[in-house]
>>> print(open('query.txt').read())   # compact mmCIF, C-alpha atoms
# COMPACT_ATOMS: atom_id res chain seq x y z
CA MET S 1 -165.80 -10.96 -34.38
CA LYS S 2 -164.13 -8.28 -36.49
CA TYR S 3 -164.35 -4.59 -35.67
CA LYS S 4 -164.35 -1.56 -37.92
CA THR S 5 -164.00 2.16 -37.37
CA LEU S 6 -167.18 4.19 -37.58
CA GLY S 7 -166.34 6.77 -40.25
CA ARG S 8 -163.54 9.02 -39.02
CA THR S 9 -164.71 8.98 -35.40
CA GLY S 10 -162.27 6.47 -33.97
CA ILE S 11 -165.21 4.52 -32.52
CA LYS S 12 -164.77 0.77 -33.08
CA VAL S 13 -167.93 -1.22 -33.82
CA SER S 14 -168.48 -4.92 -34.40
CA GLU S 15 -169.07 -5.85 -38.04
CA ILE S 16 -172.38 -7.33 -36.92
CA CYS S 17 -174.73 -5.00 -35.08
CA LEU S 18 -177.68 -6.18 -33.01
CA GLY S 19 -180.91 -4.75 -34.40
CA THR S 20 -183.81 -4.36 -32.01
CA MET S 21 -186.97 -3.32 -33.82
CA THR S 22 -189.02 -6.38 -32.79
CA TRP S 23 -188.54 -5.78 -29.06
CA GLY S 24 -191.78 -4.68 -27.48
CA THR S 25 -194.13 -6.51 -29.83
CA GLN S 26 -192.67 -9.78 -31.10
CA ASN S 27 -190.17 -9.98 -28.25
CA SER S 28 -190.60 -9.44 -24.52
CA GLU S 29 -188.20 -7.57 -22.29
CA ALA S 30 -186.76 -10.83 -20.99
CA GLU S 31 -186.21 -12.09 -24.54
CA ALA S 32 -184.55 -8.81 -25.49
CA HIS S 33 -182.18 -9.12 -22.54
CA GLU S 34 -181.38 -12.71 -23.50
CA GLN S 35 -180.51 -11.59 -27.02
CA MET S 36 -178.25 -8.81 -25.76
CA ASP S 37 -176.47 -11.16 -23.35
CA TYR S 38 -175.81 -13.72 -26.08
CA ALA S 39 -174.76 -11.17 -28.71
CA VAL S 40 -172.27 -9.53 -26.38
CA GLY S 41 -170.90 -12.96 -25.53
CA GLU S 42 -170.26 -13.45 -29.25
CA GLY S 43 -168.35 -10.18 -29.54
CA VAL S 44 -171.10 -7.76 -30.56
CA ASN S 45 -170.52 -4.30 -29.09
CA PHE S 46 -173.00 -2.37 -31.25
CA PHE S 47 -176.77 -2.03 -30.67
CA ASP S 48 -179.06 -0.12 -33.04
CA THR S 49 -182.50 1.20 -32.10
CA ALA S 50 -184.82 4.16 -32.75
CA GLU S 51 -187.43 6.23 -30.95
CA LEU S 52 -189.95 4.71 -33.39
CA TYR S 53 -189.34 1.09 -32.39
CA PRO S 54 -190.82 -1.49 -32.27
CA VAL S 55 -192.25 -1.58 -35.79
CA THR S 56 -193.72 -5.08 -35.89
CA PRO S 57 -196.20 -3.42 -35.99
CA ALA S 58 -195.48 0.23 -35.20
CA GLY S 59 -197.93 2.26 -33.16
CA PRO S 60 -198.37 4.76 -30.34
CA GLU S 61 -199.07 2.07 -27.75
CA THR S 62 -195.68 0.38 -28.06
CA ARG S 63 -193.47 3.23 -29.28
CA GLY S 64 -190.37 3.57 -27.14
CA LEU S 65 -190.49 0.11 -25.58
CA THR S 66 -187.39 -1.01 -27.46
CA GLU S 67 -185.30 1.81 -26.01
CA ASP S 68 -186.79 1.03 -22.59
CA TYR S 69 -185.66 -2.59 -22.81
CA ILE S 70 -182.14 -1.59 -23.83
CA GLY S 71 -182.05 0.88 -20.96
CA THR S 72 -182.96 -1.69 -18.33
CA TRP S 73 -180.33 -4.07 -19.74
CA LEU S 74 -177.64 -1.38 -19.72
CA LYS S 75 -178.43 -0.55 -16.10
CA ALA S 76 -178.60 -4.16 -14.92
CA SER S 77 -175.52 -5.35 -16.82
CA GLY S 78 -173.24 -2.45 -15.96
CA LYS S 79 -171.85 -2.65 -19.49
CA ARG S 80 -172.80 0.79 -20.80
CA ASN S 81 -169.18 1.74 -21.48
CA GLU S 82 -168.63 -1.47 -23.47
CA ILE S 83 -171.54 -0.90 -25.86
CA VAL S 84 -171.85 1.49 -28.78
CA VAL S 85 -175.49 2.58 -28.64
CA ALA S 86 -177.09 3.99 -31.80
CA THR S 87 -180.58 5.43 -31.97
CA LYS S 88 -182.56 7.58 -34.39
CA VAL S 89 -184.87 10.58 -34.44
CA ALA S 90 -187.96 10.15 -36.63
CA GLY S 91 -188.65 12.28 -39.67
CA PRO S 92 -192.09 13.53 -40.72
CA GLY S 93 -195.18 11.50 -41.43
CA ARG S 94 -195.97 9.59 -38.24
CA PRO S 95 -199.00 11.30 -36.66
CA TYR S 96 -198.33 9.81 -33.22
CA ILE S 97 -194.75 11.15 -33.16
CA ARG S 98 -194.90 14.91 -32.55
CA ASN S 99 -197.98 15.14 -34.77
CA GLY S 100 -195.99 14.01 -37.81
CA THR S 101 -193.93 17.20 -37.96
CA PRO S 102 -190.52 17.27 -39.69
CA ALA S 103 -187.35 16.90 -37.67
CA GLY S 104 -185.99 20.26 -36.54
CA PRO S 105 -184.08 21.89 -33.66
CA LYS S 106 -186.98 21.79 -31.18
CA THR S 107 -188.32 18.35 -32.04
CA MET S 108 -184.85 16.80 -32.26
CA ARG S 109 -183.96 18.02 -28.77
CA GLU S 110 -187.23 16.70 -27.40
CA ALA S 111 -186.62 13.34 -29.07
CA LEU S 112 -183.04 13.05 -27.82
CA GLU S 113 -183.92 13.85 -24.21
CA ILE S 114 -186.66 11.22 -24.20
CA SER S 115 -184.36 8.64 -25.80
CA LEU S 116 -181.66 9.30 -23.21
CA LYS S 117 -184.19 8.82 -20.43
CA ARG S 118 -185.46 5.55 -21.90
CA LEU S 119 -181.95 4.25 -22.52
CA GLN S 120 -180.90 5.26 -18.98
CA THR S 121 -177.73 6.90 -20.22
CA ASP S 122 -176.31 10.41 -20.44
CA HIS S 123 -175.18 10.06 -24.05
CA VAL S 124 -175.84 8.28 -27.34
CA ASP S 125 -172.79 7.06 -29.26
CA LEU S 126 -174.40 7.45 -32.70
CA TYR S 127 -177.45 9.66 -33.28
CA GLN S 128 -179.06 9.22 -36.70
CA MET S 129 -181.72 10.98 -38.76
CA HIS S 130 -184.15 8.10 -39.40
CA TRP S 131 -185.32 9.51 -42.74
CA PRO S 132 -184.95 12.94 -44.36
CA ASN S 133 -187.56 15.66 -44.20
CA ARG S 134 -187.42 16.26 -47.94
CA GLY S 135 -188.45 12.75 -49.01
CA HIS S 136 -186.40 9.86 -50.38
CA TYR S 137 -186.58 6.73 -52.51
CA HIS S 138 -186.35 4.14 -49.74
CA PHE S 139 -189.23 2.18 -48.15
CA ARG S 140 -190.28 1.02 -51.67
CA GLN S 141 -190.73 4.60 -52.89
CA SER S 142 -188.22 4.43 -55.75
CA TRP S 143 -191.02 3.90 -58.27
CA THR S 144 -192.57 7.31 -57.52
CA TYR S 145 -189.48 9.23 -56.37
CA ASP S 146 -189.30 12.71 -57.93
CA PRO S 147 -186.69 15.09 -56.43
CA SER S 148 -187.55 17.73 -59.05
CA ARG S 149 -190.27 18.89 -56.67
CA GLN S 150 -187.76 19.87 -54.00
CA ASP S 151 -186.80 23.49 -53.33
CA THR S 152 -183.02 23.33 -53.25
CA SER S 153 -182.46 26.43 -51.10
CA ALA S 154 -185.07 25.37 -48.59
CA VAL S 155 -183.64 21.85 -48.38
CA ILE S 156 -180.10 23.12 -47.79
CA GLU S 157 -181.35 25.51 -45.11
CA ASP S 158 -183.14 22.62 -43.43
CA LEU S 159 -180.05 20.39 -43.56
CA HIS S 160 -177.94 23.17 -42.07
CA ALA S 161 -180.37 23.63 -39.18
CA ILE S 162 -180.38 19.89 -38.51
CA LEU S 163 -176.58 19.72 -38.56
CA GLU S 164 -176.29 22.72 -36.24
CA THR S 165 -178.62 20.99 -33.81
CA LEU S 166 -176.59 17.80 -33.96
CA GLY S 167 -173.49 19.90 -33.38
CA ALA S 168 -175.01 21.34 -30.23
CA PHE S 169 -175.73 17.81 -28.97
CA VAL S 170 -172.09 16.85 -29.56
CA LYS S 171 -170.79 19.94 -27.74
CA GLU S 172 -173.05 19.14 -24.80
CA GLY S 173 -171.63 15.62 -24.62
CA LYS S 174 -175.01 14.01 -25.27
CA VAL S 175 -173.98 12.58 -28.67
CA ARG S 176 -170.59 11.27 -29.77
CA ALA S 177 -171.16 10.83 -33.52
CA VAL S 178 -173.89 11.55 -36.05
CA GLY S 179 -175.28 9.62 -38.99
CA LEU S 180 -177.96 9.49 -41.66
CA SER S 181 -180.46 6.80 -42.58
CA ASN S 182 -182.56 6.25 -45.70
CA ASP S 183 -180.69 9.03 -47.43
CA THR S 184 -179.16 9.61 -50.84
CA ALA S 185 -175.75 10.35 -52.33
CA TRP S 186 -176.64 14.03 -52.79
CA GLY S 187 -178.02 14.32 -49.26
CA THR S 188 -174.92 12.73 -47.78
CA MET S 189 -172.52 14.89 -49.79
CA ARG S 190 -174.42 18.06 -48.97
CA MET S 191 -174.28 17.27 -45.25
CA LEU S 192 -170.55 16.61 -45.52
CA ALA S 193 -170.05 19.93 -47.30
CA LEU S 194 -172.05 21.83 -44.69
CA ALA S 195 -170.07 20.20 -41.90
CA GLU S 196 -166.76 21.20 -43.47
CA LYS S 197 -167.88 24.75 -44.25
CA HIS S 198 -169.35 25.49 -40.84
CA GLY S 199 -167.18 23.39 -38.54
CA LEU S 200 -170.00 21.02 -37.65
CA PRO S 201 -169.98 17.25 -36.94
CA ARG S 202 -169.10 15.07 -39.90
CA ILE S 203 -171.52 12.37 -40.98
CA ALA S 204 -170.00 9.07 -39.82
CA SER S 205 -172.33 6.51 -41.36
CA LEU S 206 -175.34 5.88 -43.55
CA GLN S 207 -177.95 3.33 -42.48
CA ASN S 208 -179.75 2.11 -45.60
CA GLU S 209 -181.29 -1.17 -46.66
CA TYR S 210 -178.99 -3.69 -48.33
CA ASN S 211 -179.68 -7.30 -49.32
CA PHE S 212 -179.76 -9.53 -52.42
CA LEU S 213 -183.10 -8.02 -53.45
CA TYR S 214 -182.21 -4.35 -52.86
CA ARG S 215 -178.70 -3.26 -53.75
CA ALA S 216 -179.03 0.43 -54.57
CA PHE S 217 -175.98 1.14 -52.40
CA ASP S 218 -173.70 -0.61 -54.91
CA LEU S 219 -173.79 2.43 -57.19
CA ASP S 220 -173.37 6.13 -56.31
CA LEU S 221 -173.44 5.56 -52.58
CA ALA S 222 -170.59 3.04 -52.80
CA GLU S 223 -168.52 5.78 -54.43
CA VAL S 224 -169.44 8.24 -51.68
CA SER S 225 -168.54 5.66 -49.06
CA HIS S 226 -165.14 4.99 -50.61
CA HIS S 227 -164.05 8.59 -51.12
CA GLU S 228 -165.65 10.14 -48.03
CA ASN S 229 -165.27 7.31 -45.50
CA VAL S 230 -168.98 7.12 -44.72
CA GLY S 231 -169.67 3.43 -44.30
CA LEU S 232 -172.93 1.55 -44.62
CA LEU S 233 -174.86 0.21 -41.65
CA ALA S 234 -177.03 -2.27 -43.52
CA TYR S 235 -180.56 -2.70 -42.25
CA SER S 236 -182.99 -5.44 -43.36
CA PRO S 237 -180.04 -7.59 -44.50
CA LEU S 238 -182.47 -10.50 -44.96
CA ALA S 239 -185.15 -8.33 -46.62
CA ALA S 240 -187.50 -8.65 -43.65
CA GLY S 241 -187.00 -12.42 -43.62
CA LEU S 242 -187.50 -13.07 -47.33
CA VAL S 243 -183.87 -14.05 -47.76
CA SER S 244 -184.13 -16.72 -45.11
CA GLY S 245 -186.43 -18.64 -47.44
CA LYS S 246 -189.11 -19.05 -44.78
CA TYR S 247 -191.81 -17.44 -46.93
CA LEU S 248 -191.21 -19.48 -50.07
CA ASN S 249 -194.17 -21.22 -51.70
CA GLY S 250 -196.67 -19.07 -49.86
CA ALA S 251 -195.55 -20.06 -46.36
CA LYS S 252 -196.56 -17.68 -43.58
CA PRO S 253 -195.25 -18.99 -40.24
CA ASP S 254 -197.31 -18.07 -37.17
CA GLY S 255 -195.85 -15.10 -35.36
CA SER S 256 -193.63 -14.12 -38.29
CA ARG S 257 -193.43 -10.57 -39.52
CA LEU S 258 -195.37 -11.49 -42.66
CA SER S 259 -198.24 -12.65 -40.46
CA ILE S 260 -198.17 -9.25 -38.70
CA ASN S 261 -197.16 -6.63 -41.26
CA GLY S 262 -198.98 -8.01 -44.30
CA ASP S 263 -196.60 -7.26 -47.15
CA LEU S 264 -193.30 -6.81 -45.31
CA GLY S 265 -193.22 -3.09 -45.99
CA GLY S 266 -193.94 -3.61 -49.70
CA ARG S 267 -191.27 -6.29 -50.15
CA TYR S 268 -193.63 -9.24 -50.45
CA THR S 269 -194.53 -9.12 -54.13
CA GLU S 270 -194.78 -11.59 -56.98
CA TYR S 271 -191.36 -10.49 -58.24
CA GLN S 272 -189.35 -11.50 -55.16
CA GLU S 273 -190.30 -15.20 -55.10
CA PRO S 274 -188.31 -16.33 -58.20
CA ALA S 275 -185.28 -14.38 -57.00
CA VAL S 276 -185.39 -15.78 -53.48
CA GLN S 277 -185.87 -19.30 -54.84
CA ALA S 278 -182.84 -18.88 -57.10
CA TYR S 279 -180.65 -17.70 -54.21
CA ALA S 280 -181.99 -20.55 -52.07
CA ASP S 281 -181.06 -23.04 -54.79
CA LEU S 282 -177.56 -21.55 -55.01
CA ALA S 283 -177.09 -21.83 -51.26
CA ARG S 284 -178.37 -25.40 -51.20
CA SER S 285 -176.08 -26.47 -54.04
CA HIS S 286 -173.09 -25.38 -51.97
CA GLY S 287 -174.31 -26.70 -48.63
CA LEU S 288 -174.90 -23.23 -47.24
CA ASP S 289 -177.65 -21.78 -45.09
CA LEU S 290 -179.41 -19.12 -47.20
CA ALA S 291 -179.50 -16.49 -44.45
CA GLN S 292 -175.83 -17.04 -43.65
CA MET S 293 -174.92 -16.83 -47.34
CA GLN S 294 -176.64 -13.46 -47.56
CA LEU S 295 -175.06 -12.08 -44.39
CA ALA S 296 -171.60 -13.40 -45.28
CA PHE S 297 -171.89 -11.77 -48.69
CA SER S 298 -172.86 -8.44 -47.13
CA LEU S 299 -169.79 -8.64 -44.90
CA THR S 300 -167.56 -8.87 -47.99
CA ARG S 301 -168.71 -5.53 -49.40
CA PRO S 302 -165.95 -2.90 -49.23
CA PHE S 303 -168.34 -0.16 -48.07
CA MET S 304 -169.79 -2.17 -45.19
CA THR S 305 -169.16 -0.91 -41.67
CA SER S 306 -171.69 -3.16 -39.94
CA VAL S 307 -174.59 -5.44 -40.83
CA ILE S 308 -177.60 -4.97 -38.57
CA ILE S 309 -179.18 -8.33 -37.81
CA GLY S 310 -182.49 -8.88 -36.07
CA ALA S 311 -184.13 -11.98 -34.66
CA THR S 312 -187.31 -13.00 -32.91
CA SER S 313 -185.88 -16.27 -31.60
CA MET S 314 -182.57 -17.32 -30.15
CA ASP S 315 -182.14 -19.91 -32.90
CA GLN S 316 -182.40 -17.15 -35.52
CA LEU S 317 -179.95 -15.00 -33.59
CA LYS S 318 -177.42 -17.81 -33.32
CA THR S 319 -177.71 -18.61 -37.04
CA ASN S 320 -177.28 -14.99 -38.03
CA LEU S 321 -174.33 -14.34 -35.74
CA ALA S 322 -172.60 -17.49 -37.00
CA SER S 323 -172.37 -15.86 -40.45
CA LYS S 324 -169.27 -14.04 -39.20
CA ASP S 325 -167.42 -17.33 -39.53
CA VAL S 326 -168.68 -18.16 -43.04
CA THR S 327 -166.32 -17.63 -45.99
CA LEU S 328 -167.95 -17.78 -49.40
CA PRO S 329 -166.03 -19.64 -52.14
CA ALA S 330 -165.33 -17.84 -55.41
CA GLU S 331 -167.91 -19.95 -57.25
CA VAL S 332 -170.61 -18.81 -54.80
CA LEU S 333 -169.68 -15.17 -55.30
CA LYS S 334 -169.85 -15.70 -59.06
CA GLY S 335 -173.26 -17.30 -58.66
CA ILE S 336 -174.48 -14.33 -56.62
CA ALA S 337 -173.24 -11.91 -59.28
CA LYS S 338 -175.03 -13.87 -61.99
CA LEU S 339 -178.31 -13.87 -60.07
CA HIS S 340 -178.01 -10.15 -59.35
CA LYS S 341 -177.89 -9.48 -63.09
CA LYS S 342 -180.93 -11.69 -63.61
CA TYR S 343 -182.91 -10.19 -60.71
CA PRO S 344 -181.53 -6.65 -60.26
CA ALA S 345 -184.50 -5.08 -58.44
CA PRO S 346 -187.16 -7.63 -57.44
CA ILE S 347 -188.46 -5.49 -54.58
>>> encode(input="query.txt", output="structure tokens")
Amino acid sequence: MKYKTLGRTGIKVSEICLGTMTWGTQNSEAEAHEQMDYAVGEGVNFFDTAELYPVTPAGPETRGLTEDYIGTWLKASGKRNEIVVATKVAGPGRPYIRNGTPAGPKTMREALEISLKRLQTDHVDLYQMHWPNRGHYHFRQSWTYDPSRQDTSAVIEDLHAILETLGAFVKEGKVRAVGLSNDTAWGTMRMLALAEKHGLPRIASLQNEYNFLYRAFDLDLAEVSHHENVGLLAYSPLAAGLVSGKYLNGAKPDGSRLSINGDLGGRYTEYQEPAVQAYADLARSHGLDLAQMQLAFSLTRPFMTSVIIGATSMDQLKTNLASKDVTLPAEVLKGIAKLHKKYPAPI
């Protein structure tokens, strides 16, 4: 396992992070603990969760179970100091999370204290804004995204208040580093500018989606990452399972996310199938596992700090973790580039 530095924090994280959003619905507590044991044995020192999780499906009945399961593992294993724990505070729009109110000083403190209690720890290593208050183009919203409706002064005031709150958490020793998720180049740069101007914590990372079917990060955000040292923590690296090939030709395995969440968060459309099939054919022609080809490619990206994998079975986990040992030949990388031009935005 290789390790990278989280932004400018000095915190070293494994290049593969264990994602946890199925724990509490698709996975039991015992299964979650088994995954954590195996991942740590393979060199993973980075777990990512959120107060919202699990999301397969999401709901008030199961919210928080994922953090609970991590907390019981941390206590039982005695490995808290060996693990970099990342969690997130929800933004607006979920009625069962603080009545759907935007993130702000009061709600963020409430969320952090509850997360710390669930995780059975006195601090979070990386605390992230799950999505911005102002709106964004992620979660399949790029087709209707219109930032011209935003009030610039109000947005900047909101970002400043959020950063001040995160700064207070850092001073109190409850948070070591701070990050964004589902954010934009402008949002990231504005937060960096506010941090520098007011002596507040610097954004260390950006957790956005990245996979063969959704590569928005390759553009402006890649430039931000390079110049500002804000690396990507890539979520949904297999596009909710699409880029494993298991849903090709209309397949819907029992217990899979497609059988639970319907359209995979808007990813399961008529446009993705030809693209996935093409990538599957490329992998097959070179004797590669499709999921491992995708994950190995993500690990080659210069802006990548860590790829967040998730699994509902140990076989999936073992396959995904094994991607760290896969080196893609030049002809495979050329094939991926060719397919990206042919299918630039299938989801």
>>> closest_residue(input="query.txt", among="S:Arg257, S:Lys338, S:Arg202, S:Arg215", to="Ala311 of chain S", atoms="all atoms listed in the file")
S:Arg257
>>> atom_distance(input="query.txt", atom1="atom CA of Pro346 of chain S", atom2="atom CA of Gln272 of chain S")
5.0 Å
>>> residues_around(input="query.txt", residues="segment 319-327 of chain S", least_positions_apart="4", cutoff="7 Å", atoms="only C-alpha atoms", output="list of chain:residue names")
S:Met1, S:Ala291, S:Gln292, S:Leu295, S:Ala296, S:Ile309, S:Asp315
>>> atom_distance(input="query.txt", atom1="atom CA of Ser236 of chain S", atom2="atom CA of Tyr53 of chain S")
14.3 Å
>>> residues_around(input="query.txt", residues="segment 177-184 of chain S", least_positions_apart="6", cutoff="9 Å", atoms="only C-alpha atoms", output="PDB file with C-alpha atoms, in the coordinates of the input")
ATOM      1  CA  LEU S   6    -167.180   4.190 -37.580  1.00  0.00           C
ATOM      2  CA  THR S   9    -164.710   8.980 -35.400  1.00  0.00           C
ATOM      3  CA  ILE S  11    -165.210   4.520 -32.520  1.00  0.00           C
ATOM      4  CA  LYS S  88    -182.560   7.580 -34.390  1.00  0.00           C
ATOM      5  CA  VAL S 124    -175.840   8.280 -27.340  1.00  0.00           C
ATOM      6  CA  ASP S 125    -172.790   7.060 -29.260  1.00  0.00           C
ATOM      7  CA  LEU S 126    -174.400   7.450 -32.700  1.00  0.00           C
ATOM      8  CA  TYR S 127    -177.450   9.660 -33.280  1.00  0.00           C
ATOM      9  CA  GLN S 128    -179.060   9.220 -36.700  1.00  0.00           C
ATOM     10  CA  MET S 129    -181.720  10.980 -38.760  1.00  0.00           C
ATOM     11  CA  HIS S 130    -184.150   8.100 -39.400  1.00  0.00           C
ATOM     12  CA  TRP S 131    -185.320   9.510 -42.740  1.00  0.00           C
ATOM     13  CA  PRO S 132    -184.950  12.940 -44.360  1.00  0.00           C
ATOM     14  CA  GLY S 135    -188.450  12.750 -49.010  1.00  0.00           C
ATOM     15  CA  HIS S 136    -186.400   9.860 -50.380  1.00  0.00           C
ATOM     16  CA  TYR S 137    -186.580   6.730 -52.510  1.00  0.00           C
ATOM     17  CA  HIS S 138    -186.350   4.140 -49.740  1.00  0.00           C
ATOM     18  CA  PHE S 139    -189.230   2.180 -48.150  1.00  0.00           C
ATOM     19  CA  LEU S 163    -176.580  19.720 -38.560  1.00  0.00           C
ATOM     20  CA  LEU S 166    -176.590  17.800 -33.960  1.00  0.00           C
ATOM     21  CA  GLY S 167    -173.490  19.900 -33.380  1.00  0.00           C
ATOM     22  CA  VAL S 170    -172.090  16.850 -29.560  1.00  0.00           C
ATOM     23  CA  PRO S 201    -169.980  17.250 -36.940  1.00  0.00           C
ATOM     24  CA  ARG S 202    -169.100  15.070 -39.900  1.00  0.00           C
ATOM     25  CA  ILE S 203    -171.520  12.370 -40.980  1.00  0.00           C
ATOM     26  CA  ALA S 204    -170.000   9.070 -39.820  1.00  0.00           C
ATOM     27  CA  SER S 205    -172.330   6.510 -41.360  1.00  0.00           C
ATOM     28  CA  LEU S 206    -175.340   5.880 -43.550  1.00  0.00           C
ATOM     29  CA  GLN S 207    -177.950   3.330 -42.480  1.00  0.00           C
ATOM     30  CA  ASN S 208    -179.750   2.110 -45.600  1.00  0.00           C
ATOM     31  CA  GLU S 209    -181.290  -1.170 -46.660  1.00  0.00           C
ATOM     32  CA  ASP S 220    -173.370   6.130 -56.310  1.00  0.00           C
ATOM     33  CA  LEU S 221    -173.440   5.560 -52.580  1.00  0.00           C
ATOM     34  CA  VAL S 230    -168.980   7.120 -44.720  1.00  0.00           C
ATOM     35  CA  LEU S 233    -174.860   0.210 -41.650  1.00  0.00           C
TER      36      LEU S 233
END
>>> atom_distance(input="query.txt", atom1="atom CA of Leu200 of chain S", atom2="atom CA of Ala168 of chain S")
9.0 Å
>>> axis_aligned_box(input="query.txt", around="segment 325-334 of chain S", padding_each_side="3 Å", output="JSON")
{"center_x": -168.0, "center_y": -17.6, "center_z": -49.3, "size_x": 11.3, "size_y": 10.8, "size_z": 25.5}
>>> residues_around(input="query.txt", residues="Val55 of chain S", least_positions_apart="4", cutoff="10 Å", atoms="all atoms listed in the file", output="list of chain:residue names")
S:Thr20, S:Met21, S:Thr22, S:Trp23, S:Gly24, S:Thr25, S:Gln26, S:Ala50, S:Gly59, S:Thr62, S:Arg63, S:Thr66, S:Arg257, S:Asn261
>>> residues_around(input="query.txt", residues="Leu290 of chain S", least_positions_apart="2", cutoff="7 Å", atoms="all atoms listed in the file", output="PDB file with C-alpha atoms, keeping the file's coordinate frame")
ATOM      1  CA  VAL S 243    -183.870 -14.050 -47.760  1.00  0.00           C
ATOM      2  CA  SER S 244    -184.130 -16.720 -45.110  1.00  0.00           C
ATOM      3  CA  ALA S 280    -181.990 -20.550 -52.070  1.00  0.00           C
ATOM      4  CA  ALA S 283    -177.090 -21.830 -51.260  1.00  0.00           C
ATOM      5  CA  LEU S 288    -174.900 -23.230 -47.240  1.00  0.00           C
ATOM      6  CA  GLN S 292    -175.830 -17.040 -43.650  1.00  0.00           C
ATOM      7  CA  MET S 293    -174.920 -16.830 -47.340  1.00  0.00           C
ATOM      8  CA  GLN S 294    -176.640 -13.460 -47.560  1.00  0.00           C
TER       9      GLN S 294
END
>>> residues_around(input="query.txt", residues="Leu18 of chain S", least_positions_apart="6", cutoff="7 Å", atoms="all atoms listed in the file", output="NGL selection string")
:S and (46-48 or 308-310)
>>> closest_residue(input="query.txt", among="S:Asn99, S:Leu52, S:Gly262, S:Ser28", to="Ser313 of chain S", atoms="all atoms listed in the file")
S:Ser28
>>> closest_residue(input="query.txt", among="S:Leu194, S:Thr144, S:Ala275, S:Pro54", to="Lys341 of chain S", atoms="only C-alpha atoms")
S:Ala275
>>> closest_residue(input="query.txt", among="S:Ser259, S:Gln35, S:Asn45, S:Ser148", to="Val84 of chain S", atoms="all atoms listed in the file")
S:Asn45
>>> residues_near_point(input="query.txt", point="(-188.9, 15.1, -31.2)", cutoff="12 Å", atoms="all atoms listed in the file", output="PyMOL selection string")
chain S and resi 50-52+88-92+94+96-115+129-130
>>> residues_near_point(input="query.txt", point="(-184.3, -6.6, -53.5)", cutoff="9 Å", atoms="all atoms listed in the file", output="list of chain:residue names")
S:Tyr210, S:Asn211, S:Phe212, S:Leu213, S:Tyr214, S:Arg215, S:Ala216, S:Ala239, S:Arg267, S:Gln272, S:Ala275, S:Tyr343, S:Pro344, S:Ala345, S:Pro346, S:Ile347
>>> closest_residue(input="query.txt", among="S:Gly78, S:His227, S:Phe303, S:Asp122", to="Gly173 of chain S", atoms="all atoms listed in the file")
S:Asp122
>>> decode(input="query.txt", residues="segment 265-276 of chain S", atoms="N, CA and C atoms", output="PDB file, in the first residue's frame")
ATOM      1  N   GLY S 265     -28.881   6.608  -8.010  1.00  0.00           N
ATOM      2  CA  GLY S 265     -28.676   8.051  -7.859  1.00  0.00           C
ATOM      3  C   GLY S 265     -28.635   8.779  -9.187  1.00  0.00           C
ATOM      4  N   GLY S 266     -29.423   8.305 -10.168  1.00  0.00           N
ATOM      5  CA  GLY S 266     -29.475   8.941 -11.478  1.00  0.00           C
ATOM      6  C   GLY S 266     -28.432   8.451 -12.456  1.00  0.00           C
ATOM      7  N   ARG S 267     -27.582   7.522 -12.043  1.00  0.00           N
ATOM      8  CA  ARG S 267     -26.513   7.037 -12.925  1.00  0.00           C
ATOM      9  C   ARG S 267     -27.002   5.990 -13.925  1.00  0.00           C
ATOM     10  N   TYR S 268     -28.034   5.266 -13.554  1.00  0.00           N
ATOM     11  CA  TYR S 268     -28.491   4.150 -14.383  1.00  0.00           C
ATOM     12  C   TYR S 268     -29.417   4.675 -15.478  1.00  0.00           C
ATOM     13  N   THR S 269     -28.817   5.028 -16.602  1.00  0.00           N
ATOM     14  CA  THR S 269     -29.550   5.579 -17.729  1.00  0.00           C
ATOM     15  C   THR S 269     -29.188   4.806 -19.000  1.00  0.00           C
ATOM     16  N   GLU S 270     -29.884   5.087 -20.052  1.00  0.00           N
ATOM     17  CA  GLU S 270     -29.613   4.421 -21.328  1.00  0.00           C
ATOM     18  C   GLU S 270     -28.242   4.781 -21.888  1.00  0.00           C
ATOM     19  N   TYR S 271     -27.678   5.889 -21.455  1.00  0.00           N
ATOM     20  CA  TYR S 271     -26.413   6.366 -22.011  1.00  0.00           C
ATOM     21  C   TYR S 271     -25.196   5.648 -21.427  1.00  0.00           C
ATOM     22  N   GLN S 272     -25.335   5.123 -20.200  1.00  0.00           N
ATOM     23  CA  GLN S 272     -24.165   4.511 -19.560  1.00  0.00           C
ATOM     24  C   GLN S 272     -23.838   3.127 -20.117  1.00  0.00           C
ATOM     25  N   GLU S 273     -24.836   2.396 -20.572  1.00  0.00           N
ATOM     26  CA  GLU S 273     -24.626   0.996 -20.976  1.00  0.00           C
ATOM     27  C   GLU S 273     -23.584   0.844 -22.099  1.00  0.00           C
ATOM     28  N   PRO S 274     -23.668   1.604 -23.202  1.00  0.00           N
ATOM     29  CA  PRO S 274     -22.647   1.448 -24.247  1.00  0.00           C
ATOM     30  C   PRO S 274     -21.245   1.776 -23.747  1.00  0.00           C
ATOM     31  N   ALA S 275     -21.149   2.784 -22.875  1.00  0.00           N
ATOM     32  CA  ALA S 275     -19.839   3.157 -22.347  1.00  0.00           C
ATOM     33  C   ALA S 275     -19.277   2.055 -21.460  1.00  0.00           C
ATOM     34  N   VAL S 276     -20.089   1.553 -20.542  1.00  0.00           N
ATOM     35  CA  VAL S 276     -19.626   0.484 -19.659  1.00  0.00           C
ATOM     36  C   VAL S 276     -19.227  -0.749 -20.463  1.00  0.00           C
TER      37      VAL S 276
END
